[in-house]
Amino acid sequence: MNFIQKKTFAFLLILSISTVAFSQKKVYNQVEVKPSSEVANATSQSLSYLLPKTVIKVDIEMEKVIKKAGPYYRYSQRSLNLNNVITKDSEEWIIKNVHISTSGVADEEKRYNVFSKGTTSVNHLSLTPEGTLAGINAPYVYSKKYAKKESIEIPQLEDISFDNVALNEELLYKTSTAAMAQEAANMVYRLRTTRTELLSGELENLPPDGEAYKMVLTEIAQQEKDFVSLFAGKTVTATKTESFEVIPDPLSSYANFVLCRFNQQKGLVDAMDITGTPIYLKMDIEKHKVLENKATPNPKEPLKNGLFYNIPGKAVVNIVDKNAPIASQKVSLAQYGQVISMSPAILEKEGVVIKVCPVTGALLSVGSEE
């Protein structure tokens, strides 16, 4: 191979290498996020996520108090010198506690599609089971506990009786209520005397050991309580919690929103049941500054959007029984805020860690993998 041939071969080799290098252009990472309503085909070539709307949950704990008059209540003062005994059967519900909390549900009107090329961070979206955005490169821990709804047996007035009192033969042989009351009172005094003798060691047949000693004292105390209840009556209480959920609508007013109603005999009833007094959910929405978009109307190259997230609004939720406030809580609400977009350049990097609140859609943090 002469000099000219060698030179020609070297030129062709360099040209071929340059051609291959030129043909293998570098693929740059690209990210663009669009509202699904603006996408022609939102079911392919992209990832999809939703932003949430906030649910207000109100848990109302109630207590039912049942009072049953004893059969000998008229003789309480004379026989046992008891005052303030139950003289009339009654049932009453009382509101004991109110707890306000929030949760998130997917807002179908805020669905977005993520388009990307290359190895970007948006390839690792974290979503809730509903598809709500929880972050990027930050695994969402689904910790919702499904509590078993146990059927709570709420006692009724007719369920309460005095059949558990161990009446002796002398009492049962009495022919008048007054005589029976006196014999029941005598039984109370005998039990008290027995306890005193036991504690002082004067009882003839003392229990053989400490455990038996305690058992005898416990039995005496229970029998005394049972006999005294024939005069003083019985009080039985039971608690029950009912939950209500409201998804606030910015187009609606919550100045006098009836959450439910309360009836002292029935407890909580439906909001439309006029037998109860209203329990209101009232919201005071805080004013917040809306971020303005000052971009040029017709830019030469339309700006691309990155990840959309919420700047939630804030409100004070008050639960009011008739006119009396019974609970208050400041909360963040996704649907009362503003949706904004971060720069796509953030997502075009690898290893970016972003955390988003699945209840409000708020941006919690932006960082990098360690």
# chains A, B, ... in the order shown; residues from 1 in each chain; ligands from 1
>>> residues_around(residues="Lys68 of chain A", least_positions_apart="6", cutoff="8 Å", atoms="only C-alpha atoms", output="ChimeraX atom specification")
/A:86,88-90,157,160,233-235
>>> residues_around(residues="Val316 of chain A", least_positions_apart="3", cutoff="9 Å", atoms="only C-alpha atoms", output="PyMOL selection string")
chain A and resi 282-286+328-332
>>> write_last_selection(atoms="N, CA and C atoms", output="PDB file, in the first residue's frame")
ATOM      1  N   LYS A 282     -69.173  24.511  61.442  1.00  0.00           N
ATOM      2  CA  LYS A 282     -68.938  25.846  60.888  1.00  0.00           C
ATOM      3  C   LYS A 282     -67.461  26.000  60.556  1.00  0.00           C
ATOM      4  N   MET A 283     -67.187  26.653  59.433  1.00  0.00           N
ATOM      5  CA  MET A 283     -65.803  26.858  59.008  1.00  0.00           C
ATOM      6  C   MET A 283     -65.512  28.333  58.791  1.00  0.00           C
ATOM      7  N   ASP A 284     -64.410  28.765  59.354  1.00  0.00           N
ATOM      8  CA  ASP A 284     -63.896  30.110  59.103  1.00  0.00           C
ATOM      9  C   ASP A 284     -62.673  29.965  58.193  1.00  0.00           C
ATOM     10  N   ILE A 285     -62.851  30.287  56.917  1.00  0.00           N
ATOM     11  CA  ILE A 285     -61.772  30.127  55.946  1.00  0.00           C
ATOM     12  C   ILE A 285     -60.810  31.297  56.051  1.00  0.00           C
ATOM     13  N   GLU A 286     -59.531  30.991  56.188  1.00  0.00           N
ATOM     14  CA  GLU A 286     -58.523  32.044  56.247  1.00  0.00           C
ATOM     15  C   GLU A 286     -58.222  32.563  54.840  1.00  0.00           C
ATOM     16  N   SER A 328     -63.062  22.712  68.442  1.00  0.00           N
ATOM     17  CA  SER A 328     -62.500  23.616  67.447  1.00  0.00           C
ATOM     18  C   SER A 328     -61.131  23.090  67.022  1.00  0.00           C
ATOM     19  N   GLN A 329     -60.837  23.172  65.720  1.00  0.00           N
ATOM     20  CA  GLN A 329     -59.564  22.680  65.223  1.00  0.00           C
ATOM     21  C   GLN A 329     -59.180  23.423  63.953  1.00  0.00           C
ATOM     22  N   LYS A 330     -57.903  23.837  63.867  1.00  0.00           N
ATOM     23  CA  LYS A 330     -57.395  24.470  62.661  1.00  0.00           C
ATOM     24  C   LYS A 330     -56.889  23.383  61.729  1.00  0.00           C
ATOM     25  N   VAL A 331     -57.326  23.411  60.466  1.00  0.00           N
ATOM     26  CA  VAL A 331     -56.976  22.353  59.519  1.00  0.00           C
ATOM     27  C   VAL A 331     -56.503  22.962  58.201  1.00  0.00           C
ATOM     28  N   SER A 332     -55.814  22.141  57.417  1.00  0.00           N
ATOM     29  CA  SER A 332     -55.413  22.511  56.060  1.00  0.00           C
ATOM     30  C   SER A 332     -56.312  21.783  55.082  1.00  0.00           C
TER      31      SER A 332
END
>>> residues_around(residues="Ile94 of chain A", least_positions_apart="4", cutoff="8 Å", atoms="only C-alpha atoms", output="PyMOL selection string")
chain A and resi 62-65+264+267
>>> atom_distance(atom1="atom CA of Glu61 of chain A", atom2="atom CA of Ile319 of chain A")
13.1 Å
>>> residues_around(residues="segment 38-40 of chain A", least_positions_apart="4", cutoff="12 Å", atoms="only C-alpha atoms", output="list in words")
Glu32, Val33, Lys34, Ser44, Gln45, Ser46, Ser48, Lys110, Arg111, Tyr112, Asn113, Val114 and Phe115 of chain A
>>> write_last_selection(atoms="C-alpha atoms", output="mmCIF file, in the first residue's frame")
data_model
loop_
_atom_site.group_PDB
_atom_site.id
_atom_site.type_symbol
_atom_site.label_atom_id
_atom_site.label_comp_id
_atom_site.auth_asym_id
_atom_site.auth_seq_id
_atom_site.Cartn_x
_atom_site.Cartn_y
_atom_site.Cartn_z
ATOM 1 C CA GLU A 32 -43.280 17.393 31.198
ATOM 2 C CA VAL A 33 -46.434 17.174 33.325
ATOM 3 C CA LYS A 34 -49.836 18.068 31.881
ATOM 4 C CA SER A 44 -50.567 5.558 27.154
ATOM 5 C CA GLN A 45 -46.935 6.646 27.110
ATOM 6 C CA SER A 46 -47.200 8.385 30.473
ATOM 7 C CA SER A 48 -50.767 9.315 35.886
ATOM 8 C CA LYS A 110 -57.094 17.065 39.422
ATOM 9 C CA ARG A 111 -55.533 14.245 37.418
ATOM 10 C CA TYR A 112 -52.160 14.766 35.729
ATOM 11 C CA ASN A 113 -50.034 12.855 33.236
ATOM 12 C CA VAL A 114 -46.252 12.669 33.464
ATOM 13 C CA PHE A 115 -44.248 12.358 30.232
#
>>> select_by_dssp(residues="segment 113-253 of chain A", states="strand (DSSP E or B)", output="compact mmCIF listing (two decimals) with N, CA and C atoms, in the first residue's frame")
# COMPACT_ATOMS: atom_id res chain seq x y z
N ASN A 113 -50.83 13.85 33.93
CA ASN A 113 -50.03 12.85 33.24
C ASN A 113 -48.59 13.32 33.17
N VAL A 114 -47.69 12.39 33.43
CA VAL A 114 -46.25 12.67 33.46
C VAL A 114 -45.60 12.02 32.25
N PHE A 115 -44.96 12.83 31.41
CA PHE A 115 -44.25 12.36 30.23
C PHE A 115 -42.75 12.55 30.47
N SER A 116 -41.96 11.54 30.15
CA SER A 116 -40.52 11.66 30.41
C SER A 116 -39.72 10.87 29.39
N LYS A 117 -38.48 11.33 29.19
CA LYS A 117 -37.50 10.64 28.36
C LYS A 117 -36.21 10.54 29.15
N LEU A 125 -42.71 7.18 40.81
CA LEU A 125 -43.79 7.86 41.53
C LEU A 125 -44.26 7.01 42.71
N SER A 126 -44.61 7.67 43.82
CA SER A 126 -45.21 6.99 44.97
C SER A 126 -46.67 7.42 45.05
N LEU A 127 -47.57 6.45 45.00
CA LEU A 127 -49.00 6.74 44.99
C LEU A 127 -49.71 5.99 46.11
N THR A 132 -53.45 8.76 44.49
CA THR A 132 -53.07 10.11 44.91
C THR A 132 -51.56 10.19 45.09
N LEU A 133 -50.99 11.28 44.65
CA LEU A 133 -49.54 11.46 44.73
C LEU A 133 -49.07 11.55 46.18
N ALA A 134 -48.04 10.75 46.50
CA ALA A 134 -47.44 10.80 47.84
C ALA A 134 -45.97 11.19 47.77
N GLY A 135 -45.36 11.13 46.58
CA GLY A 135 -43.97 11.56 46.47
C GLY A 135 -43.27 10.91 45.28
N ILE A 136 -41.98 11.17 45.20
CA ILE A 136 -41.11 10.59 44.17
C ILE A 136 -39.88 10.04 44.86
N LYS A 234 -79.91 2.00 90.88
CA LYS A 234 -78.75 1.64 90.09
C LYS A 234 -78.51 2.66 88.98
N THR A 235 -77.24 2.93 88.71
CA THR A 235 -76.85 3.78 87.58
C THR A 235 -75.93 2.99 86.67
N VAL A 236 -76.30 2.89 85.40
CA VAL A 236 -75.52 2.14 84.41
C VAL A 236 -75.13 3.10 83.29
N THR A 237 -73.87 3.07 82.87
CA THR A 237 -73.40 3.94 81.79
C THR A 237 -72.80 3.10 80.65
N ALA A 238 -72.90 3.63 79.46
CA ALA A 238 -72.31 2.99 78.28
C ALA A 238 -71.87 4.08 77.31
N THR A 239 -70.75 3.88 76.64
CA THR A 239 -70.23 4.88 75.71
C THR A 239 -70.35 4.38 74.27
N LYS A 240 -70.51 5.33 73.36
CA LYS A 240 -70.64 5.03 71.95
C LYS A 240 -70.07 6.19 71.16
N THR A 241 -69.34 5.90 70.09
CA THR A 241 -68.76 6.93 69.23
C THR A 241 -69.33 6.81 67.83
N GLU A 242 -69.79 7.92 67.29
CA GLU A 242 -70.28 7.96 65.92
C GLU A 242 -69.42 8.94 65.12
N SER A 243 -69.16 8.59 63.86
CA SER A 243 -68.27 9.38 63.02
C SER A 243 -69.04 9.97 61.84
N PHE A 244 -68.67 11.20 61.48
CA PHE A 244 -69.29 11.89 60.36
C PHE A 244 -68.16 12.46 59.49
N GLU A 245 -68.33 12.34 58.16
CA GLU A 245 -67.33 12.86 57.23
C GLU A 245 -67.96 13.87 56.30
N VAL A 246 -67.24 14.96 56.11
CA VAL A 246 -67.70 16.04 55.23
C VAL A 246 -66.56 16.40 54.29
>>> residues_around(residues="Gly276 of chain A", least_positions_apart="2", cutoff="10 Å", atoms="only C-alpha atoms", output="ChimeraX atom specification")
/A:260-274,278-279
>>> select_by_dssp(residues="segment 152-353 of chain A", states="alpha helix (DSSP H)", output="MDAnalysis selection string")
chainID A and resid 169:172 177:200 210:232 344:347
>>> closest_residue(among="A:Gly306, A:Gly313, A:Pro155, A:Pro358", to="Ser341 of chain A", atoms="only C-alpha atoms")
A:Gly306
>>> closest_residue(among="A:Leu347, A:Ala166, A:Leu80, A:Val55", to="Gln222 of chain A", atoms="only C-alpha atoms")
A:Ala166
>>> residues_around(residues="Tyr75 of chain A", least_positions_apart="6", cutoff="8 Å", atoms="only C-alpha atoms", output="list in words")
Ala178, Ala181 and Phe231 of chain A
>>> write_last_selection(atoms="N, CA and C atoms", output="PDB file, in the first residue's frame")
ATOM      1  N   ALA A 178     -93.091  -2.255 103.278  1.00  0.00           N
ATOM      2  CA  ALA A 178     -92.373  -1.622 104.384  1.00  0.00           C
ATOM      3  C   ALA A 178     -91.594  -2.652 105.189  1.00  0.00           C
ATOM      4  N   ALA A 181     -88.627  -3.840 103.188  1.00  0.00           N
ATOM      5  CA  ALA A 181     -87.581  -2.820 103.196  1.00  0.00           C
ATOM      6  C   ALA A 181     -86.804  -2.855 104.505  1.00  0.00           C
ATOM      7  N   PHE A 231     -82.447   0.381  97.769  1.00  0.00           N
ATOM      8  CA  PHE A 231     -82.889   1.679  98.292  1.00  0.00           C
ATOM      9  C   PHE A 231     -82.388   2.832  97.402  1.00  0.00           C
TER      10      PHE A 231
END
>>> decode(residues="segment 255-317 of chain A", atoms="C-alpha atoms", output="PDB file, in the first residue's frame")
ATOM      1  CA  ALA A 255     -71.993  29.149  58.141  1.00  0.00           C
ATOM      2  CA  ASN A 256     -74.820  26.933  59.424  1.00  0.00           C
ATOM      3  CA  PHE A 257     -74.160  23.446  58.087  1.00  0.00           C
ATOM      4  CA  VAL A 258     -76.099  20.879  60.141  1.00  0.00           C
ATOM      5  CA  LEU A 259     -73.795  17.917  60.718  1.00  0.00           C
ATOM      6  CA  CYS A 260     -76.351  15.915  62.704  1.00  0.00           C
ATOM      7  CA  ARG A 261     -78.851  16.419  65.506  1.00  0.00           C
ATOM      8  CA  PHE A 262     -78.830  15.441  69.157  1.00  0.00           C
ATOM      9  CA  ASN A 263     -81.726  14.007  71.153  1.00  0.00           C
ATOM     10  CA  GLN A 264     -81.234  13.381  74.876  1.00  0.00           C
ATOM     11  CA  GLN A 265     -83.351  10.229  74.723  1.00  0.00           C
ATOM     12  CA  LYS A 266     -82.150   8.871  71.349  1.00  0.00           C
ATOM     13  CA  GLY A 267     -78.604  10.201  71.134  1.00  0.00           C
ATOM     14  CA  LEU A 268     -77.355  11.391  67.741  1.00  0.00           C
ATOM     15  CA  VAL A 269     -79.972  11.371  65.002  1.00  0.00           C
ATOM     16  CA  ASP A 270     -79.997  12.303  61.314  1.00  0.00           C
ATOM     17  CA  ALA A 271     -79.578  15.927  60.294  1.00  0.00           C
ATOM     18  CA  MET A 272     -83.142  15.899  58.941  1.00  0.00           C
ATOM     19  CA  ASP A 273     -84.663  14.504  62.163  1.00  0.00           C
ATOM     20  CA  ILE A 274     -86.273  17.523  63.829  1.00  0.00           C
ATOM     21  CA  THR A 275     -86.739  15.640  67.112  1.00  0.00           C
ATOM     22  CA  GLY A 276     -83.148  16.605  67.926  1.00  0.00           C
ATOM     23  CA  THR A 277     -81.369  19.921  68.332  1.00  0.00           C
ATOM     24  CA  PRO A 278     -78.855  20.770  65.580  1.00  0.00           C
ATOM     25  CA  ILE A 279     -75.120  20.228  65.849  1.00  0.00           C
ATOM     26  CA  TYR A 280     -73.437  22.567  63.373  1.00  0.00           C
ATOM     27  CA  LEU A 281     -70.158  22.307  61.508  1.00  0.00           C
ATOM     28  CA  LYS A 282     -68.938  25.846  60.888  1.00  0.00           C
ATOM     29  CA  MET A 283     -65.803  26.858  59.008  1.00  0.00           C
ATOM     30  CA  ASP A 284     -63.896  30.110  59.103  1.00  0.00           C
ATOM     31  CA  ILE A 285     -61.772  30.127  55.946  1.00  0.00           C
ATOM     32  CA  GLU A 286     -58.523  32.044  56.247  1.00  0.00           C
ATOM     33  CA  LYS A 287     -57.721  34.438  53.431  1.00  0.00           C
ATOM     34  CA  HIS A 288     -54.518  33.593  51.602  1.00  0.00           C
ATOM     35  CA  LYS A 289     -52.559  35.382  48.907  1.00  0.00           C
ATOM     36  CA  VAL A 290     -52.971  33.790  45.484  1.00  0.00           C
ATOM     37  CA  LEU A 291     -49.688  33.488  43.588  1.00  0.00           C
ATOM     38  CA  GLU A 292     -49.893  35.349  40.277  1.00  0.00           C
ATOM     39  CA  ASN A 293     -48.739  34.074  36.915  1.00  0.00           C
ATOM     40  CA  LYS A 294     -46.757  36.876  35.247  1.00  0.00           C
ATOM     41  CA  ALA A 295     -45.448  34.850  32.317  1.00  0.00           C
ATOM     42  CA  THR A 296     -45.541  36.433  28.851  1.00  0.00           C
ATOM     43  CA  PRO A 297     -48.868  35.777  27.055  1.00  0.00           C
ATOM     44  CA  ASN A 298     -47.345  34.277  23.898  1.00  0.00           C
ATOM     45  CA  PRO A 299     -43.794  33.086  24.525  1.00  0.00           C
ATOM     46  CA  LYS A 300     -41.789  31.811  21.570  1.00  0.00           C
ATOM     47  CA  GLU A 301     -41.367  28.484  23.341  1.00  0.00           C
ATOM     48  CA  PRO A 302     -44.234  27.527  25.692  1.00  0.00           C
ATOM     49  CA  LEU A 303     -43.012  26.823  29.185  1.00  0.00           C
ATOM     50  CA  LYS A 304     -43.152  23.192  30.286  1.00  0.00           C
ATOM     51  CA  ASN A 305     -44.618  22.257  33.646  1.00  0.00           C
ATOM     52  CA  GLY A 306     -43.070  19.988  36.210  1.00  0.00           C
ATOM     53  CA  LEU A 307     -44.801  18.258  39.084  1.00  0.00           C
ATOM     54  CA  PHE A 308     -48.138  19.819  40.071  1.00  0.00           C
ATOM     55  CA  TYR A 309     -48.856  20.093  43.810  1.00  0.00           C
ATOM     56  CA  ASN A 310     -51.101  22.058  46.174  1.00  0.00           C
ATOM     57  CA  ILE A 311     -50.590  25.053  48.362  1.00  0.00           C
ATOM     58  CA  PRO A 312     -53.509  24.192  50.663  1.00  0.00           C
ATOM     59  CA  GLY A 313     -55.809  26.720  52.258  1.00  0.00           C
ATOM     60  CA  LYS A 314     -56.441  26.863  55.975  1.00  0.00           C
ATOM     61  CA  ALA A 315     -59.620  27.005  57.997  1.00  0.00           C
ATOM     62  CA  VAL A 316     -60.826  26.820  61.580  1.00  0.00           C
ATOM     63  CA  VAL A 317     -63.464  24.116  61.977  1.00  0.00           C
TER      64      VAL A 317
END
